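Data from upload_26.pdb: PDB, C-alpha atoms, pLDDT in the B column
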```
ATOM      1  CA  MET L   1     121.897 112.585  80.794  1.00 87.00           C
ATOM      2  CA  ILE L   2     120.993 113.567  84.382  1.00 93.00           C
ATOM      3  CA  ARG L   3     118.179 111.024  84.392  1.00 94.00           C
ATOM      4  CA  LEU L   4     120.530 108.329  83.079  1.00 96.00           C
ATOM      5  CA  LEU L   5     123.101 109.120  85.784  1.00 97.00           C
ATOM      6  CA  PHE L   6     120.374 108.985  88.436  1.00 97.00           C
ATOM      7  CA  HIS L   7     119.250 105.569  87.206  1.00 97.00           C
ATOM      8  CA  ILE L   8     122.830 104.285  87.130  1.00 97.00           C
ATOM      9  CA  PHE L   9     123.439 105.537  90.678  1.00 97.00           C
ATOM     10  CA  GLY L  10     120.191 103.927  91.860  1.00 97.00           C
ATOM     11  CA  ALA L  11     121.093 100.601  90.246  1.00 97.00           C
ATOM     12  CA  ILE L  12     124.601 100.615  91.765  1.00 97.00           C
ATOM     13  CA  GLN L  13     123.367 101.644  95.207  1.00 96.00           C
ATOM     14  CA  PHE L  14     120.683  98.980  95.543  1.00 97.00           C
ATOM     15  CA  PHE L  15     122.841  96.299  93.923  1.00 97.00           C
ATOM     16  CA  TYR L  16     125.659  97.017  96.373  1.00 97.00           C
ATOM     17  CA  GLY L  17     123.200  97.036  99.278  1.00 97.00           C
ATOM     18  CA  CYS L  18     121.962  93.572  98.288  1.00 97.00           C
ATOM     19  CA  TYR L  19     125.508  92.354  97.686  1.00 97.00           C
ATOM     20  CA  TYR L  20     126.791  93.634 101.049  1.00 97.00           C
ATOM     21  CA  ASP L  21     123.770  92.269 102.903  1.00 95.00           C
ATOM     22  CA  HIS L  22     124.183  88.843 101.292  1.00 94.00           C
ATOM     23  CA  MET L  23     127.943  88.587 101.624  1.00 94.00           C
ATOM     24  CA  PHE L  24     128.808  90.371 104.867  1.00 94.00           C
ATOM     25  CA  VAL L  25     125.748  90.581 107.120  1.00 91.00           C
ATOM     26  CA  LYS L  26     126.092  87.280 108.950  1.00 87.00           C
ATOM     27  CA  VAL L  27     124.051  86.760 112.108  1.00 79.00           C
ATOM     28  CA  PRO L  28     125.391  83.908 114.309  1.00 77.00           C
ATOM     29  CA  SER L  29     123.223  80.781 114.151  1.00 63.00           C
ATOM     30  CA  THR L  30     123.012  80.853 117.953  1.00 55.00           C
ATOM     31  CA  SER L  31     120.947  84.048 117.787  1.00 52.00           C
ATOM     32  CA  SER L  32     117.321  83.539 118.816  1.00 53.00           C
ATOM     33  CA  THR L  33     116.181  86.499 116.737  1.00 55.00           C
ATOM     34  CA  VAL L  34     116.630  84.936 113.319  1.00 64.00           C
ATOM     35  CA  THR L  35     116.597  81.598 111.505  1.00 72.00           C
ATOM     36  CA  SER L  36     119.095  80.836 108.754  1.00 79.00           C
ATOM     37  CA  PHE L  37     116.490  78.981 106.681  1.00 86.00           C
ATOM     38  CA  GLY L  38     115.561  80.924 103.551  1.00 87.00           C
ATOM     39  CA  GLY L  39     118.631  83.134 103.747  1.00 89.00           C
ATOM     40  CA  LYS L  40     118.117  86.783 102.892  1.00 92.00           C
ATOM     41  CA  LEU L  41     115.221  85.913 100.599  1.00 94.00           C
ATOM     42  CA  LYS L  42     112.924  85.553 103.596  1.00 94.00           C
ATOM     43  CA  TYR L  43     112.962  89.312 104.178  1.00 94.00           C
ATOM     44  CA  LEU L  44     110.629  91.592 102.230  1.00 95.00           C
ATOM     45  CA  THR L  45     113.234  94.336 102.658  1.00 95.00           C
ATOM     46  CA  PHE L  46     115.822  92.291 100.757  1.00 96.00           C
ATOM     47  CA  LEU L  47     113.341  91.200  98.079  1.00 97.00           C
ATOM     48  CA  ASN L  48     112.291  94.815  97.630  1.00 97.00           C
ATOM     49  CA  ALA L  49     115.912  95.980  97.321  1.00 97.00           C
ATOM     50  CA  MET L  50     116.425  93.324  94.638  1.00 97.00           C
ATOM     51  CA  LEU L  51     113.308  94.570  92.877  1.00 97.00           C
ATOM     52  CA  GLN L  52     114.562  98.168  93.013  1.00 97.00           C
ATOM     53  CA  THR L  53     117.865  96.987  91.530  1.00 97.00           C
ATOM     54  CA  ILE L  54     116.031  95.263  88.686  1.00 97.00           C
ATOM     55  CA  TYR L  55     113.882  98.321  88.099  1.00 97.00           C
ATOM     56  CA  PHE L  56     116.790 100.776  87.957  1.00 98.00           C
ATOM     57  CA  ILE L  57     118.772  98.476  85.666  1.00 97.00           C
ATOM     58  CA  THR L  58     115.715  98.283  83.405  1.00 97.00           C
ATOM     59  CA  ALA L  59     115.463 102.087  83.544  1.00 96.00           C
ATOM     60  CA  VAL L  60     119.122 102.417  82.494  1.00 97.00           C
ATOM     61  CA  LEU L  61     118.571 100.045  79.573  1.00 97.00           C
ATOM     62  CA  ASN L  62     115.460 101.964  78.576  1.00 95.00           C
ATOM     63  CA  ASP L  63     117.382 105.266  78.718  1.00 94.00           C
ATOM     64  CA  ILE L  64     119.967 103.829  76.324  1.00 94.00           C
ATOM     65  CA  PHE L  65     117.996 101.524  74.046  1.00 93.00           C
ATOM     66  CA  GLY L  66     114.363 102.475  74.603  1.00 90.00           C
ATOM     67  CA  THR L  67     112.547 105.780  74.875  1.00 88.00           C
ATOM     68  CA  ASN L  68     111.227 108.143  77.548  1.00 86.00           C
ATOM     69  CA  GLU L  69     108.887 110.035  75.230  1.00 85.00           C
ATOM     70  CA  PRO L  70     105.354 110.324  76.666  1.00 80.00           C
ATOM     71  CA  THR L  71     103.614 109.165  73.479  1.00 78.00           C
ATOM     72  CA  PRO L  72     106.094 107.403  71.185  1.00 76.00           C
ATOM     73  CA  SER L  73     104.751 106.131  67.874  1.00 72.00           C
ATOM     74  CA  HIS L  74     105.847 102.672  68.971  1.00 81.00           C
ATOM     75  CA  LYS L  75     106.438 101.923  72.643  1.00 82.00           C
ATOM     76  CA  PRO L  76     109.269  99.353  72.984  1.00 89.00           C
ATOM     77  CA  ALA L  77     108.697  96.263  75.137  1.00 92.00           C
ATOM     78  CA  LEU L  78     111.504  97.488  77.416  1.00 94.00           C
ATOM     79  CA  ARG L  79     109.548 100.676  78.158  1.00 94.00           C
ATOM     80  CA  LYS L  80     106.352  98.718  78.843  1.00 93.00           C
ATOM     81  CA  ILE L  81     108.215  96.415  81.255  1.00 95.00           C
ATOM     82  CA  LYS L  82     109.810  99.392  83.004  1.00 96.00           C
ATOM     83  CA  ASP L  83     106.490 101.200  83.435  1.00 95.00           C
ATOM     84  CA  THR L  84     104.734  98.085  84.725  1.00 96.00           C
ATOM     85  CA  ILE L  85     107.463  97.180  87.234  1.00 97.00           C
ATOM     86  CA  PHE L  86     107.444 100.677  88.696  1.00 97.00           C
ATOM     87  CA  SER L  87     103.675 101.050  88.816  1.00 96.00           C
ATOM     88  CA  ALA L  88     102.679  97.609  90.085  1.00 97.00           C
ATOM     89  CA  LEU L  89     105.636  96.732  92.316  1.00 97.00           C
ATOM     90  CA  ALA L  90     108.532  99.164  92.764  1.00 97.00           C
ATOM     91  CA  PHE L  91     106.553 102.195  93.958  1.00 97.00           C
ATOM     92  CA  PRO L  92     103.973 100.564  96.272  1.00 97.00           C
ATOM     93  CA  LEU L  93     106.460  98.106  97.793  1.00 97.00           C
ATOM     94  CA  ALA L  94     109.092 100.792  98.418  1.00 97.00           C
ATOM     95  CA  LEU L  95     106.615 102.940 100.331  1.00 97.00           C
ATOM     96  CA  PHE L  96     105.121  99.943 102.114  1.00 97.00           C
ATOM     97  CA  VAL L  97     108.519  98.696 103.290  1.00 96.00           C
ATOM     98  CA  GLY L  98     109.718 102.160 104.306  1.00 96.00           C
ATOM     99  CA  VAL L  99     106.577 103.292 106.119  1.00 96.00           C
ATOM    100  CA  THR L 100     105.924  99.917 107.798  1.00 93.00           C
ATOM    101  CA  PHE L 101     109.525  99.497 108.942  1.00 93.00           C
ATOM    102  CA  TRP L 102     109.930 102.986 110.408  1.00 95.00           C
ATOM    103  CA  GLY L 103     106.414 102.911 111.851  1.00 93.00           C
ATOM    104  CA  LEU L 104     107.081  99.690 113.770  1.00 89.00           C
ATOM    105  CA  TYR L 105     110.585 100.908 114.627  1.00 92.00           C
ATOM    106  CA  ALA L 106     109.092 104.031 116.234  1.00 93.00           C
ATOM    107  CA  VAL L 107     106.629 101.966 118.294  1.00 91.00           C
ATOM    108  CA  ASP L 108     109.093  99.259 119.376  1.00 90.00           C
ATOM    109  CA  ARG L 109     112.170  98.469 117.335  1.00 89.00           C
ATOM    110  CA  GLU L 110     112.352  94.985 118.879  1.00 87.00           C
ATOM    111  CA  LEU L 111     109.317  94.105 116.767  1.00 83.00           C
ATOM    112  CA  ILE L 112     111.146  94.706 113.503  1.00 85.00           C
ATOM    113  CA  LEU L 113     114.931  95.143 114.018  1.00 86.00           C
ATOM    114  CA  PRO L 114     116.068  93.956 117.456  1.00 85.00           C
ATOM    115  CA  LYS L 115     119.061  95.706 118.994  1.00 89.00           C
ATOM    116  CA  ALA L 116     120.809  92.333 119.038  1.00 86.00           C
ATOM    117  CA  LEU L 117     121.248  92.710 115.267  1.00 86.00           C
ATOM    118  CA  ASP L 118     122.988  96.109 115.429  1.00 88.00           C
ATOM    119  CA  PRO L 119     126.530  94.653 115.405  1.00 89.00           C
ATOM    120  CA  TYR L 120     125.739  92.824 112.150  1.00 90.00           C
ATOM    121  CA  PHE L 121     123.459  95.253 110.277  1.00 91.00           C
ATOM    122  CA  PRO L 122     125.211  98.641 109.773  1.00 94.00           C
ATOM    123  CA  VAL L 123     123.280 101.911 109.957  1.00 94.00           C
ATOM    124  CA  TRP L 124     124.125 102.916 106.378  1.00 96.00           C
ATOM    125  CA  LEU L 125     122.709  99.648 105.056  1.00 96.00           C
ATOM    126  CA  ASN L 126     119.587 100.131 107.135  1.00 95.00           C
ATOM    127  CA  HIS L 127     119.001 103.486 105.445  1.00 95.00           C
ATOM    128  CA  VAL L 128     119.723 102.126 101.971  1.00 96.00           C
ATOM    129  CA  MET L 129     117.154  99.375 102.518  1.00 95.00           C
ATOM    130  CA  HIS L 130     114.505 101.347 104.401  1.00 95.00           C
ATOM    131  CA  SER L 131     114.983 105.066 103.700  1.00 96.00           C
ATOM    132  CA  ASN L 132     116.616 105.494 100.304  1.00 96.00           C
ATOM    133  CA  ILE L 133     114.101 103.188  98.652  1.00 96.00           C
ATOM    134  CA  VAL L 134     111.378 105.736  99.436  1.00 96.00           C
ATOM    135  CA  LEU L 135     113.475 108.761  98.487  1.00 97.00           C
ATOM    136  CA  PHE L 136     114.663 107.312  95.175  1.00 97.00           C
ATOM    137  CA  THR L 137     111.195 106.065  94.258  1.00 97.00           C
ATOM    138  CA  LEU L 138     109.647 109.498  94.849  1.00 97.00           C
ATOM    139  CA  ILE L 139     112.417 111.167  92.814  1.00 97.00           C
ATOM    140  CA  GLU L 140     111.845 108.634  90.042  1.00 97.00           C
ATOM    141  CA  LEU L 141     108.113 109.324  89.992  1.00 96.00           C
ATOM    142  CA  SER L 142     108.843 113.055  89.712  1.00 95.00           C
ATOM    143  CA  THR L 143     111.469 112.840  86.971  1.00 94.00           C
ATOM    144  CA  SER L 144     110.326 110.036  84.654  1.00 92.00           C
ATOM    145  CA  PHE L 145     106.886 109.712  83.094  1.00 92.00           C
ATOM    146  CA  ARG L 146     105.168 106.374  82.907  1.00 92.00           C
ATOM    147  CA  MET L 147     101.658 105.340  81.963  1.00 90.00           C
ATOM    148  CA  TYR L 148     100.064 103.175  84.634  1.00 93.00           C
ATOM    149  CA  PRO L 149      98.628  99.854  83.435  1.00 91.00           C
ATOM    150  CA  ASN L 150      94.965  98.976  83.781  1.00 92.00           C
ATOM    151  CA  LYS L 151      94.216  99.142  87.515  1.00 93.00           C
ATOM    152  CA  LYS L 152      92.948  95.570  87.606  1.00 95.00           C
ATOM    153  CA  THR L 153      96.179  94.362  86.033  1.00 96.00           C
ATOM    154  CA  GLY L 154      98.421  96.439  88.280  1.00 96.00           C
ATOM    155  CA  LEU L 155      96.684  95.438  91.506  1.00 97.00           C
ATOM    156  CA  SER L 156      96.595  91.789  90.425  1.00 97.00           C
ATOM    157  CA  ILE L 157     100.379  91.775  90.010  1.00 97.00           C
ATOM    158  CA  LEU L 158     100.894  93.472  93.381  1.00 97.00           C
ATOM    159  CA  CYS L 159      98.433  91.263  95.297  1.00 97.00           C
ATOM    160  CA  THR L 160      99.867  88.098  93.747  1.00 97.00           C
ATOM    161  CA  PHE L 161     103.349  89.113  94.874  1.00 97.00           C
ATOM    162  CA  MET L 162     102.182  89.895  98.412  1.00 97.00           C
ATOM    163  CA  LEU L 163     100.164  86.680  98.766  1.00 97.00           C
ATOM    164  CA  CYS L 164     103.125  84.621  97.531  1.00 97.00           C
ATOM    165  CA  TYR L 165     105.293  86.320 100.152  1.00 97.00           C
ATOM    166  CA  VAL L 166     102.807  85.521 102.932  1.00 96.00           C
ATOM    167  CA  VAL L 167     102.814  81.858 101.836  1.00 96.00           C
ATOM    168  CA  TRP L 168     106.642  81.929 101.869  1.00 96.00           C
ATOM    169  CA  VAL L 169     106.704  83.390 105.411  1.00 95.00           C
ATOM    170  CA  HIS L 170     104.394  80.651 106.656  1.00 95.00           C
ATOM    171  CA  TYR L 171     106.356  77.934 104.893  1.00 95.00           C
ATOM    172  CA  ILE L 172     109.426  79.131 106.784  1.00 94.00           C
ATOM    173  CA  TYR L 173     107.493  79.153 110.072  1.00 93.00           C
ATOM    174  CA  PHE L 174     106.100  75.627 109.681  1.00 92.00           C
ATOM    175  CA  HIS L 175     109.518  74.373 108.579  1.00 91.00           C
ATOM    176  CA  THR L 176     111.543  75.983 111.372  1.00 89.00           C
ATOM    177  CA  GLY L 177     109.098  77.031 114.092  1.00 89.00           C
ATOM    178  CA  SER L 178     110.465  80.592 113.883  1.00 89.00           C
ATOM    179  CA  TRP L 179     108.778  83.703 112.496  1.00 90.00           C
ATOM    180  CA  VAL L 180     110.689  85.866 110.047  1.00 90.00           C
ATOM    181  CA  TYR L 181     109.618  88.989 111.945  1.00 87.00           C
ATOM    182  CA  PRO L 182     109.366  89.222 115.758  1.00 84.00           C
ATOM    183  CA  VAL L 183     106.088  91.171 115.450  1.00 86.00           C
ATOM    184  CA  LEU L 184     104.361  88.012 114.193  1.00 90.00           C
ATOM    185  CA  LYS L 185     105.493  86.111 117.273  1.00 88.00           C
ATOM    186  CA  VAL L 186     103.553  88.360 119.668  1.00 88.00           C
ATOM    187  CA  MET L 187     100.280  87.916 117.726  1.00 92.00           C
ATOM    188  CA  ASN L 188      97.752  85.096 117.874  1.00 92.00           C
ATOM    189  CA  TRP L 189      96.322  83.676 114.642  1.00 93.00           C
ATOM    190  CA  PRO L 190      93.248  85.959 114.407  1.00 95.00           C
ATOM    191  CA  LEU L 191      95.474  89.009 114.884  1.00 95.00           C
ATOM    192  CA  ARG L 192      97.922  87.728 112.271  1.00 94.00           C
ATOM    193  CA  VAL L 193      95.106  87.335 109.746  1.00 95.00           C
ATOM    194  CA  LEU L 194      93.929  90.881 110.483  1.00 96.00           C
ATOM    195  CA  PHE L 195      97.530  92.082 110.185  1.00 94.00           C
ATOM    196  CA  TYR L 196      97.856  90.442 106.746  1.00 95.00           C
ATOM    197  CA  VAL L 197      94.547  91.875 105.546  1.00 96.00           C
ATOM    198  CA  PHE L 198      95.481  95.334 106.784  1.00 95.00           C
ATOM    199  CA  SER L 199      98.928  95.058 105.166  1.00 95.00           C
ATOM    200  CA  LEU L 200      97.378  94.059 101.829  1.00 96.00           C
ATOM    201  CA  ILE L 201      94.961  96.997 101.953  1.00 97.00           C
ATOM    202  CA  PHE L 202      97.818  99.266 103.022  1.00 96.00           C
ATOM    203  CA  VAL L 203     100.120  98.295 100.149  1.00 97.00           C
ATOM    204  CA  CYS L 204      97.246  98.560  97.648  1.00 97.00           C
ATOM    205  CA  SER L 205      96.593 102.093  98.923  1.00 97.00           C
ATOM    206  CA  PHE L 206     100.176 102.951  97.973  1.00 97.00           C
ATOM    207  CA  TYR L 207      99.465 101.668  94.468  1.00 97.00           C
ATOM    208  CA  SER L 208      96.519 104.068  94.246  1.00 97.00           C
ATOM    209  CA  LEU L 209      98.630 106.867  95.726  1.00 97.00           C
ATOM    210  CA  GLY L 210     101.298 106.322  93.066  1.00 96.00           C
ATOM    211  CA  GLU L 211      98.677 106.432  90.335  1.00 96.00           C
ATOM    212  CA  ILE L 212      97.222 109.669  91.726  1.00 96.00           C
ATOM    213  CA  LEU L 213     100.628 111.328  92.132  1.00 96.00           C
ATOM    214  CA  ASN L 214     101.613 110.260  88.624  1.00 95.00           C
ATOM    215  CA  ARG L 215      98.484 111.931  87.236  1.00 93.00           C
ATOM    216  CA  LEU L 216      99.171 115.106  89.226  1.00 95.00           C
ATOM    217  CA  VAL L 217     102.837 115.384  88.250  1.00 94.00           C
ATOM    218  CA  TRP L 218     102.361 114.278  84.636  1.00 92.00           C
ATOM    219  CA  SER L 219      98.797 115.447  83.933  1.00 92.00           C
ATOM    220  CA  LYS L 220      99.580 116.788  80.433  1.00 89.00           C
ATOM    221  CA  GLU L 221     101.477 113.658  79.442  1.00 88.00           C
ATOM    222  CA  VAL L 222      98.735 111.362  80.771  1.00 87.00           C
ATOM    223  CA  GLU L 223      96.043 113.254  78.859  1.00 85.00           C
ATOM    224  CA  SER L 224      98.167 113.242  75.713  1.00 83.00           C
ATOM    225  CA  THR L 225      98.734 109.484  75.999  1.00 79.00           C
ATOM    226  CA  VAL L 226      95.028 108.816  76.571  1.00 75.00           C
ATOM    227  CA  ARG L 227      94.068 110.934  73.534  1.00 72.00           C
ATOM    228  CA  SER L 228      96.693 109.171  71.425  1.00 67.00           C
ATOM    229  CA  GLY L 229      95.348 105.782  72.509  1.00 60.00           C
ATOM    230  CA  LYS L 230      91.808 106.763  71.560  1.00 60.00           C
ATOM    231  CA  LYS L 231      92.931 107.922  68.117  1.00 61.00           C
ATOM    232  CA  LYS L 232      94.743 104.644  67.481  1.00 59.00           C
ATOM    233  CA  ALA L 233      91.656 102.709  68.626  1.00 54.00           C
ATOM    234  CA  LYS L 234      89.587 104.518  65.978  1.00 54.00           C
TER     235      LYS L 234
END
```
Would you kindly transcribe this structure into structure tokens?
Amino acid sequence: MIRLLFHIFGAIQFFYGCYYDHMFVKVPSTSSTVTSFGGKLKYLTFLNAMLQTIYFITAVLNDIFGTNEPTPSHKPALRKIKDTIFSALAFPLALFVGVTFWGLYAVDRELILPKALDPYFPVWLNHVMHSNIVLFTLIELSTSFRMYPNKKTGLSILCTFMLCYVVWVHYIYFHTGSWVYPVLKVMNWPLRVLFYVFSLIFVCSFYSLGEILNRLVWSKEVESTVRSGKKKAK
């Protein structure tokens, strides 16, 4: 019941964050810090919050209609989807967004969230989008067991998502002449390429970190699942 309530609270929180951001955070078109093209979907923060909403809704549905047993005799499709979303996307992206945002913010906030946006982007929403995503993801990893997919599969899903986002960012730039993030504006093309490569390696490292932490926290369950899989294979 506590786990179900946690998942419901997570789903409501991130859904409301996305809803408020979409409906009420309106930056004047005269602002030089942002382009209206692409709407909120141009921001990885917003896309990640949507992903967290989808994950927590899936977790709620799994709590009610699926199963959280480590080695069920038959793992429902809902459970498989939930485990894959968390492993390949929700965990690594949450940490990537949180660490990258606050890291750049500490160096120079103008590179990631200019002060000019403060009147439009409330502090509480900033923490929902950039702080709570990390906190809730770590709590989720500690309270709900999941079996990570094959590493090749998990990393393929994550890298495909990230590469699609990079293409989207550049489509916006070539269409409008404006970068989604100010940090990209101060870089030349070689530095941008290095930045993208580093970011891809960085987010993939969070995938590996999640897999390691999952094995540490749920070592008995992982071993039990592996043994069960081997028996079924025989």
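Residues selected in this file by the PyMOL selection byres ((chain L and resi 22) around 12) comprise Phe15, Tyr16, Gly17, Cys18, Tyr19, Tyr20, Asp21, Met23, Phe24, Val25, Lys26, Val27, Gly38, Gly39, Lys40, Leu41, Lys42, Tyr43, Phe46, Leu47, Ala49, Met50, Tyr120, Phe121 and Leu125 of chain L.
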**Message:** Please return as a list in words every residue within 9 Å of (100.6, 98.5, 101.0), taking into account all atoms listed in the file and the file's own coordinates.
**Reply:**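 Every residue inside that radius is included here: Pro92, Leu93, Leu95, Phe96, Val97, Thr100, Phe198, Ser199, Leu200, Ile201, Phe202, Val203, Cys204, Ser205, Phe206 and Tyr207 of chain L.
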Shell around L:Arg215 at 12 Å using all atoms listed in the file, local window under 3 positions removed, as a compact mmCIF listing (two decimals) with C-alpha atoms, keeping the file's coordinate frame:
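Okay, this is what ended up in part_6.txt:
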```
# COMPACT_ATOMS: atom_id res chain seq x y z
CA LEU L 141 108.11 109.32 89.99
CA SER L 142 108.84 113.06 89.71
CA PHE L 145 106.89 109.71 83.09
CA ARG L 146 105.17 106.37 82.91
CA MET L 147 101.66 105.34 81.96
CA TYR L 148 100.06 103.18 84.63
CA SER L 208 96.52 104.07 94.25
CA LEU L 209 98.63 106.87 95.73
CA GLY L 210 101.30 106.32 93.07
CA GLU L 211 98.68 106.43 90.34
CA ILE L 212 97.22 109.67 91.73
CA TRP L 218 102.36 114.28 84.64
CA SER L 219 98.80 115.45 83.93
CA LYS L 220 99.58 116.79 80.43
CA GLU L 221 101.48 113.66 79.44
CA VAL L 222 98.74 111.36 80.77
CA GLU L 223 96.04 113.25 78.86
CA SER L 224 98.17 113.24 75.71
CA THR L 225 98.73 109.48 76.00
CA VAL L 226 95.03 108.82 76.57
```
**Request:** Rank L:Leu138, L:Ile133, L:Ile157, L:Ile112 by their smallest atom-to-atom distance to L:Lys185, using only C-alpha atoms, and report the top residue only.
**Result:** L:Ile112
**Message:** If the PyMOL selection byres ((chain L and resi 155) around 10) were run on this exact file, what residues would it hold? Put them as a PyMOL selection string.
**Reply:** chain L and resi 87-89+149-154+156-161+203-205+207-208
